[in-house]
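Student: What follows is a structure written as structure tokens; I'll ask about it next.
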Amino acid sequence: MIIGKIKADREAVIELEVVSLAQRVKIEAVIDTGFTGFLMLPIDLINRLNLPLIGKRNVLLANGNSVPLNLYRVKVIWHSVERVVYVLQSDTESLVGMSLLHGSRLTLDVVPDGDVTIAPLP
């Protein structure tokens with residue numbers, strides 16, 4: 001089970017372990033149910049991890065605009081298992097999307113410092 005918290009600004013965050021060829025880092029990532037991809041990471045973290053660029057992907061933003069974003073591949077530890085996922089470049093924060101959550105039950109206690117739990121479905 002993956003455990004997180006609701007922050008004061010009502011964002012649901014979890015700690016996620018990201019694994020590159022060079023290193024393993026633990027990051028704080030915001031759960032974004034409006035993001036259908038796997039993961040977004042800030043460009044400075046992508047550069048620090050030396051993630052391989054595998055192409056570009058056109059992404060439809062919430063405001064209706066379509067923009068091309070760089071696409072990378074990385075491993076994450078998800079439900080205690082190393083998993084390869086696709087990463088889109090972000091200018092700001094790390095986001096966990098619905099593709100990474102697929103096959104999981106997400107429970108949110110949406111109050112200050114409330115619990116966030118992600119459990120694998122049977």
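Just remember, in the structure tokens the first chain shown is A, the second B, etc., residues are 1-based per chain, and ligands are 1-based in the order shown.
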Excluding stretch 90-96 of chain A and its own-chain neighbours fewer than 5 positions away, which residues fall within 9 Å of it when counting only C-alpha atoms? Please give them as a list in words.
Tutor: Val13, Ile14, Ile27, Glu28, Ala29, Val30, Ile31, Asp32, Thr33, Phe35, Gly37, Phe38, Leu39, Met40, Leu41, Pro42, Ile43, Asp44, Leu69, Asn70 and Leu101 of chain A
Student: For A:Arg105, work out the shell of residues within 9 Å, counting only C-alpha atoms and skipping chain neighbours fewer than 5 positions away, then give it as a PyMOL selection string.
Tutor: chain A and resi 117-121
Student: Got time to write the residues from that selection, C-alpha atoms, as a tab-separated table (two decimals), in the first residue's frame?
Tutor:
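Written file, result_32.tsv:
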```tsv
chain	number	residue	atom	x	y	z
A	117	THR	CA	-4.00	5.49	0.37
A	118	ILE	CA	-3.37	3.63	-2.86
A	119	ALA	CA	-3.91	-0.11	-2.69
A	120	PRO	CA	-3.54	-2.65	-5.50
A	121	LEU	CA	-6.80	-4.18	-6.69
```
Student: What's the 8 Å shell around A:Val111, counting only C-alpha atoms, without same-chain residues fewer than 3 positions away, as an mmCIF file with N, CA and C atoms, in the first residue's frame?
Tutor:
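selection.cif, written as the output of this step:
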```cif
data_model
loop_
_atom_site.group_PDB
_atom_site.id
_atom_site.type_symbol
_atom_site.label_atom_id
_atom_site.label_comp_id
_atom_site.auth_asym_id
_atom_site.auth_seq_id
_atom_site.Cartn_x
_atom_site.Cartn_y
_atom_site.Cartn_z
ATOM 1 N N ILE A 6 -3.012 14.671 2.568
ATOM 2 C CA ILE A 6 -3.632 15.845 1.964
ATOM 3 C C ILE A 6 -2.930 17.063 2.555
ATOM 4 N N ARG A 10 -5.010 21.411 -0.160
ATOM 5 C CA ARG A 10 -5.917 20.346 -0.613
ATOM 6 C C ARG A 10 -5.352 19.503 -1.751
ATOM 7 N N GLY A 114 -5.273 14.852 5.931
ATOM 8 C CA GLY A 114 -6.016 13.610 5.760
ATOM 9 C C GLY A 114 -5.175 12.547 5.068
#
```
Student: Pick out the closest residue to A:Val19 from this set: A:Leu88, A:Ile77, A:Ile54, A:Leu61. Count only C-alpha atoms.
Tutor: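 Counting only C-alpha atoms, the residue closest to A:Val19 is A:Ile77.
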